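Peer 1: Dropping in entry_23.cif, with mmCIF, C-alpha atoms.
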```
data_input
loop_
_atom_site.label_atom_id
_atom_site.label_comp_id
_atom_site.auth_asym_id
_atom_site.auth_seq_id
_atom_site.Cartn_x
_atom_site.Cartn_y
_atom_site.Cartn_z
CA MET O 1162 0.00 0.00 0.00
CA THR O 1163 2.81 2.35 0.95
CA THR O 1164 4.69 1.53 -2.23
CA LYS O 1165 1.60 2.07 -4.37
CA THR O 1166 0.93 5.41 -2.70
CA GLY O 1167 4.53 6.43 -3.21
CA ARG O 1168 4.39 5.61 -6.92
CA LYS O 1169 1.19 7.59 -7.29
CA THR O 1170 2.70 10.61 -5.54
CA ALA O 1171 5.78 10.48 -7.73
CA ARG O 1172 3.69 10.38 -10.89
CA SER O 1173 1.57 13.30 -9.68
CA GLY O 1174 4.66 15.37 -8.92
CA LYS O 1175 6.13 14.62 -12.34
CA THR O 1176 2.87 15.46 -14.05
CA GLY O 1177 2.61 18.73 -12.10
CA ARG O 1178 6.13 19.80 -13.06
CA SER O 1179 5.52 18.87 -16.69
CA THR O 1180 2.36 20.97 -16.67
CA ASP O 1181 4.28 23.90 -15.16
CA LYS O 1182 7.01 23.63 -17.76
CA ALA O 1183 4.43 23.51 -20.56
CA ALA O 1184 2.81 26.69 -19.22
CA VAL O 1185 6.18 28.43 -18.98
CA ARG O 1186 7.16 27.37 -22.51
CA ALA O 1187 3.87 28.75 -23.80
CA LEU O 1188 4.39 31.97 -21.86
CA LEU O 1189 7.89 32.53 -23.23
CA GLU O 1190 6.70 31.84 -26.77
CA HIS O 1191 4.01 34.49 -26.37
CA GLN O 1192 6.39 36.95 -24.65
CA PRO O 1193 9.43 36.76 -26.94
CA HIS O 1194 10.98 40.00 -25.62
CA THR O 1195 11.30 41.84 -22.34
CA TYR O 1196 9.84 45.32 -22.01
CA ALA O 1197 13.42 46.62 -22.09
CA ALA O 1198 14.09 44.98 -25.46
CA GLU O 1199 10.81 46.36 -26.84
CA ALA O 1200 12.00 49.84 -25.82
CA GLY O 1201 15.20 49.31 -27.79
CA ILE O 1202 17.40 48.86 -24.72
CA ARG O 1203 20.32 46.47 -25.24
CA LEU O 1204 20.65 45.71 -21.57
CA ARG O 1205 24.24 45.32 -20.39
CA ASN O 1206 26.00 46.06 -17.12
CA THR O 1207 27.23 49.43 -18.35
CA PRO O 1208 26.05 52.94 -17.39
CA ALA O 1209 23.90 53.92 -20.38
CA PRO O 1210 21.72 50.77 -20.70
CA LEU O 1211 21.22 50.60 -16.93
CA TYR O 1212 20.09 54.21 -16.91
CA GLN O 1213 17.76 53.60 -19.85
CA MET O 1214 16.19 50.73 -17.89
CA LEU O 1215 15.64 53.09 -14.97
CA VAL O 1216 13.92 55.57 -17.29
CA LEU O 1217 11.66 52.80 -18.58
CA ALA O 1218 10.89 51.76 -15.00
CA THR O 1219 9.87 55.35 -14.25
CA LEU O 1220 7.53 55.45 -17.23
CA LEU O 1221 6.02 52.02 -16.55
CA SER O 1222 5.30 53.00 -12.94
CA ALA O 1223 2.49 55.35 -13.97
CA ARG O 1224 -1.09 54.18 -14.47
CA ILE O 1225 -0.68 53.94 -18.21
CA LYS O 1226 -0.56 51.10 -20.74
CA ALA O 1227 2.76 49.31 -20.99
CA ASP O 1228 2.98 49.79 -24.77
CA THR O 1229 2.56 53.56 -24.30
CA ALA O 1230 5.35 53.63 -21.71
CA VAL O 1231 7.59 51.62 -24.04
CA ALA O 1232 6.84 53.97 -26.95
CA ALA O 1233 7.62 57.00 -24.78
CA ALA O 1234 10.93 55.48 -23.70
CA ARG O 1235 11.83 54.89 -27.34
CA ALA O 1236 10.96 58.51 -28.15
CA LEU O 1237 13.19 59.80 -25.35
CA PHE O 1238 16.10 57.66 -26.50
CA ASP O 1239 15.54 58.61 -30.15
CA ALA O 1240 15.71 62.25 -29.05
CA GLY O 1241 19.18 61.53 -27.66
CA PHE O 1242 18.32 61.30 -23.96
CA ARG O 1243 20.13 58.03 -23.29
CA SER O 1244 22.27 58.94 -20.29
CA PRO O 1245 21.86 60.96 -17.08
CA ARG O 1246 24.01 63.73 -18.58
CA SER O 1247 21.98 64.04 -21.79
CA MET O 1248 18.72 63.89 -19.83
CA ALA O 1249 19.89 66.56 -17.39
CA ASP O 1250 21.19 68.80 -20.20
CA ALA O 1251 17.87 68.65 -22.08
CA THR O 1252 15.37 71.39 -21.39
CA TRP O 1253 12.15 70.58 -19.60
CA GLN O 1254 10.25 71.37 -22.80
CA GLN O 1255 12.43 69.01 -24.84
CA ARG O 1256 11.62 66.20 -22.42
CA VAL O 1257 7.90 67.06 -22.54
CA ASP O 1258 7.98 67.07 -26.34
CA ALA O 1259 9.70 63.69 -26.52
CA LEU O 1260 7.23 62.14 -24.09
CA GLY O 1261 4.35 63.55 -26.12
CA GLU O 1262 5.87 62.12 -29.29
CA GLY O 1263 5.65 58.71 -27.65
CA GLY O 1264 2.01 59.26 -26.67
CA TYR O 1265 2.80 59.75 -22.98
CA ARG O 1266 0.67 62.87 -22.64
CA ARG O 1267 -1.31 62.39 -19.46
CA TYR O 1268 1.78 62.50 -17.23
CA ASP O 1269 4.22 64.26 -19.55
CA GLU O 1270 4.85 67.48 -17.60
CA ARG O 1271 5.27 65.84 -14.19
CA THR O 1272 7.38 63.04 -15.64
CA ALA O 1273 9.61 65.50 -17.52
CA THR O 1274 10.36 67.19 -14.20
CA MET O 1275 11.07 63.89 -12.42
CA LEU O 1276 13.36 62.67 -15.18
CA GLY O 1277 15.40 65.86 -14.97
CA GLU O 1278 15.63 65.71 -11.19
CA GLY O 1279 16.46 62.02 -11.24
CA ALA O 1280 19.26 62.53 -13.75
CA GLU O 1281 20.76 65.30 -11.61
CA LEU O 1282 20.66 63.09 -8.53
CA LEU O 1283 22.41 60.22 -10.33
CA LEU O 1284 25.11 62.55 -11.62
CA GLU O 1285 25.73 64.06 -8.20
CA ARG O 1286 25.62 60.83 -6.18
CA TYR O 1287 26.95 58.20 -8.59
CA ALA O 1288 28.60 60.15 -11.41
CA GLY O 1289 25.78 58.83 -13.61
CA ASP O 1290 26.79 55.18 -13.11
CA LEU O 1291 24.15 52.91 -11.56
CA ARG O 1292 26.78 50.25 -10.92
CA ARG O 1293 27.83 52.46 -8.02
CA LEU O 1294 24.27 52.35 -6.70
CA ARG O 1295 24.53 48.55 -6.82
CA GLU O 1296 27.37 48.81 -4.29
CA GLU O 1297 25.16 50.59 -1.75
CA PRO O 1298 24.37 48.63 1.45
CA ASP O 1299 20.71 48.61 0.38
CA PRO O 1300 20.33 49.18 -3.39
CA ARG O 1301 16.52 48.97 -3.15
CA ALA O 1302 16.43 51.87 -0.68
CA ALA O 1303 18.88 53.81 -2.85
CA LEU O 1304 16.63 53.36 -5.88
CA LEU O 1305 13.71 54.81 -3.91
CA ASP O 1306 15.66 58.07 -3.58
CA VAL O 1307 15.41 58.60 -7.35
CA PRO O 1308 12.46 60.91 -8.21
CA GLY O 1309 9.71 58.95 -9.96
CA ILE O 1310 10.89 55.58 -8.64
CA GLY O 1311 8.59 54.13 -6.00
CA PRO O 1312 8.23 50.49 -4.91
CA THR O 1313 6.66 49.60 -8.27
CA GLY O 1314 9.54 51.20 -10.13
CA VAL O 1315 12.06 49.30 -8.02
CA ASP O 1316 10.31 46.04 -8.89
CA ILE O 1317 10.28 46.85 -12.60
CA PHE O 1318 13.97 47.78 -12.63
CA LEU O 1319 15.14 44.74 -10.65
CA ARG O 1320 12.96 42.34 -12.66
CA ASP O 1321 14.93 43.18 -15.79
CA VAL O 1322 18.42 43.69 -14.35
CA GLN O 1323 18.37 40.42 -12.37
CA GLY O 1324 20.09 38.82 -15.33
CA LEU O 1325 22.99 41.24 -14.80
CA TRP O 1326 22.83 41.55 -11.02
CA PRO O 1327 22.40 37.90 -9.96
CA GLU O 1328 22.30 38.74 -6.26
CA PHE O 1329 18.66 39.76 -6.85
CA ALA O 1330 17.68 36.63 -8.81
CA PRO O 1331 15.19 35.11 -8.98
CA TYR O 1332 13.31 38.41 -8.69
CA ILE O 1333 9.59 37.68 -8.78
CA ASP O 1334 7.53 40.56 -7.42
CA ASP O 1335 3.89 40.65 -6.35
CA LYS O 1336 2.57 41.50 -9.82
CA ALA O 1337 4.53 38.62 -11.37
CA ARG O 1338 3.15 36.29 -8.69
CA ASP O 1339 -0.37 37.41 -9.66
CA GLY O 1340 0.40 36.28 -13.21
CA ALA O 1341 1.75 32.96 -11.95
CA ARG O 1342 -1.51 32.33 -10.10
CA ARG O 1343 -3.48 32.97 -13.29
CA LEU O 1344 -1.49 30.27 -15.02
CA GLY O 1345 -1.68 27.83 -12.12
CA LEU O 1346 2.08 28.06 -11.59
CA PRO O 1347 3.99 28.02 -8.30
CA THR O 1348 4.27 31.49 -6.78
CA THR O 1349 7.53 31.25 -4.84
CA PRO O 1350 10.57 32.80 -6.53
CA GLY O 1351 12.65 29.67 -6.05
CA LYS O 1352 10.15 27.33 -7.69
CA LEU O 1353 9.40 29.70 -10.55
CA GLY O 1354 13.08 30.38 -11.13
CA GLY O 1355 13.73 26.66 -11.29
CA LEU O 1356 11.50 26.34 -14.34
CA VAL O 1357 13.80 28.35 -16.64
CA ASP O 1358 17.48 28.98 -17.30
CA ASP O 1359 18.86 31.98 -15.42
CA ARG O 1360 19.14 33.95 -18.65
CA GLU O 1361 15.37 33.63 -19.15
CA LEU O 1362 14.43 35.01 -15.73
CA PRO O 1363 13.81 38.61 -16.89
CA ARG O 1364 11.57 37.43 -19.75
CA LEU O 1365 9.71 35.05 -17.44
CA ALA O 1366 9.09 37.82 -14.91
CA ASP O 1367 7.92 40.29 -17.57
CA GLY O 1368 5.71 37.62 -19.13
CA LEU O 1369 4.08 36.90 -15.78
CA VAL O 1370 3.39 40.60 -15.30
CA HIS O 1371 1.88 40.75 -18.79
CA THR O 1372 -0.30 37.79 -17.78
CA ALA O 1373 -1.46 39.59 -14.65
CA LEU O 1374 -2.36 42.75 -16.56
CA ASP O 1375 -3.93 41.24 -19.68
CA GLN O 1376 -6.67 38.60 -19.34
CA PRO O 1377 -6.86 37.78 -23.09
CA PHE O 1378 -3.09 37.26 -23.10
CA ALA O 1379 -3.40 34.92 -20.10
CA ASP O 1380 -6.15 32.98 -21.88
CA GLU O 1381 -3.96 32.57 -24.98
CA VAL O 1382 -1.06 31.26 -22.90
CA ARG O 1383 -3.28 28.78 -21.05
CA ALA O 1384 -4.77 27.53 -24.32
CA ALA O 1385 -1.31 27.08 -25.84
CA ALA O 1386 -0.09 25.23 -22.76
CA ARG O 1387 -3.03 22.81 -22.90
CA ALA O 1388 -2.28 22.11 -26.56
CA VAL O 1389 1.27 20.97 -25.82
#
```
As structure tokens, what does this structure read like?
Peer 2:
Amino acid sequence: MTTKTGRKTARSGKTGRSTDKAAVRALLEHQPHTYAAEAGIRLRNTPAPLYQMLVLATLLSARIKADTAVAAARALFDAGFRSPRSMADATWQQRVDALGEGGYRRYDERTATMLGEGAELLLERYAGDLRRLREEPDPRAALLDVPGIGPTGVDIFLRDVQGLWPEFAPYIDDKARDGARRLGLPTTPGKLGGLVDDRELPRLADGLVHTALDQPFADEVRAAARAV
């Protein structure tokens, strides 16, 4: 009896993990890029891409559609505002105009101010290099000092840089866990992180957030997973 029960449990565990892996494969197929990649950021552990990720995190923090935030980030970068120095040297109106070009009009004036102030702070405190912020005793708290970056912005930033800053991996925040629940996946960072290679963690986290925010997207992923 004990042996039979043990075999049954083992099969159930294997089936459960296979189901989880099928759901994750479907998710990654439907979320081929991170939000950073969609914004044109070639994320590397160097000052400019890290700063661009922080800008995107600022834009995504507002109550606005993700694709609008991504488009606004692209517009800022296309306008030449790719580093703290170029952002700080731009006029407030230039920042407003770039945000408007990307469709980010509801929060453009306030965000233009925050981006300027944030760039100045990074230049003064870290010489514009976020790798120095990484060396702070509490990088999360240091990020919260940046104008426009609240707890949501910290989560967004660390979700994508976890592939570069492995001390934060696996970084699965509350919104990503909401997406995991929708797909019937485990919700602990360790278990979710174990379903993918480390290099896929940022895309997994962004895909889970997309799942949490977009019911039709979640339905598509579930349907694809069942078809595997």
Peer 1: With all atoms listed in the file as the atoms that count, which of O:Tyr1287, O:Phe1378, O:Phe1238, O:Tyr1212 lies nearest to O:Gly1263?
Peer 2: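 Closest residue, counting all atoms listed in the file: O:Phe1238.
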Peer 1: Show me the residues around (-1.6, 26.5, -25.4) - criterion: an atom at most 12 Å away, only C-alpha atoms counted - as a list of chain:residue names.
Peer 2: O:Thr1180, O:Lys1182, O:Ala1183, O:Ala1184, O:Val1185, O:Arg1186, O:Ala1187, O:Leu1188, O:Leu1189, O:Glu1190, O:His1191, O:Leu1344, O:Phe1378, O:Ala1379, O:Asp1380, O:Glu1381, O:Val1382, O:Arg1383, O:Ala1384, O:Ala1385, O:Ala1386, O:Arg1387, O:Ala1388, O:Val1389
Peer 1: Mind pulling up the distance from atom CA of O:Ala1198 to atom CA of O:Ala1234?
Peer 2: 11.1 Å
Peer 1: Given the choices O:Arg1235, O:Lys1352, O:His1194, O:Arg1295, which gets closest to O:Asp1367 if the distance is worked out from only C-alpha atoms?
Peer 2: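 Using only C-alpha atoms, the shortest distance to O:Asp1367 belongs to O:His1194.
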Peer 1: Written as a count of residues only, which residues does the PyMOL selection byres ((chain O and resi 1240-1256) around 10) give for the file shown?
Peer 2: 40
Peer 1: When you count only C-alpha atoms, which of these residues is closest to O:Leu1319: O:Glu1361, O:Glu1297, O:Asp1334, O:Asp1306?
Peer 2: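 The shortest atom-to-atom distance to O:Leu1319 comes from O:Asp1334.
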Peer 1: Please compute the atom CA of O:Gly1311-atom CA of O:Thr1229 distance, one decimal, in Å.
Peer 2: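 Separating atom CA of O:Gly1311 from atom CA of O:Thr1229 is a distance of 19.3 Å.
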Peer 1: Would you kindly return, as a PyMOL selection string, each protein, DNA or RNA residue with an atom no farther than 12 Å from any atom of O:Arg1343, considering only C-alpha atoms and excluding same-chain residues fewer than 2 positions away?
Peer 2: chain O and resi 1184+1188+1336-1341+1345-1348+1368-1383
Peer 1: Counting only C-alpha atoms, figure out which residue out of O:Ala1233, O:Leu1221, O:Leu1356, O:Ala1366 gets nearest to O:Tyr1332.
Peer 2: O:Ala1366
Peer 1: Restricting the calculation to all atoms listed in the file: of O:Arg1342, O:Gly1201, O:Phe1329, O:Ala1303, which residue gets closest to O:Leu1362?
Peer 2: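 Distance minimum relative to O:Leu1362 lands on O:Phe1329.
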Peer 1: Decode the PyMOL selection byres ((chain O and resi 1318) around 9) for the given file into explicit residues and return them as a VMD selection string.
Peer 2: chain O and resid 1211 1214 to 1215 1217 to 1219 1313 to 1317 1319 to 1323
Peer 1: Between O:Gly1264, O:Pro1308, O:Gly1351, O:Pro1300, which residue has the minimum interatomic distance to O:Ala1330, considering all atoms listed in the file?
Peer 2: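 Among the listed residues, the smallest separation from O:Ala1330 belongs to O:Gly1351.
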Peer 1: What is the atom CA of O:Ala1200 to atom CA of O:Val1231 distance in Å?
Peer 2: 5.1 Å
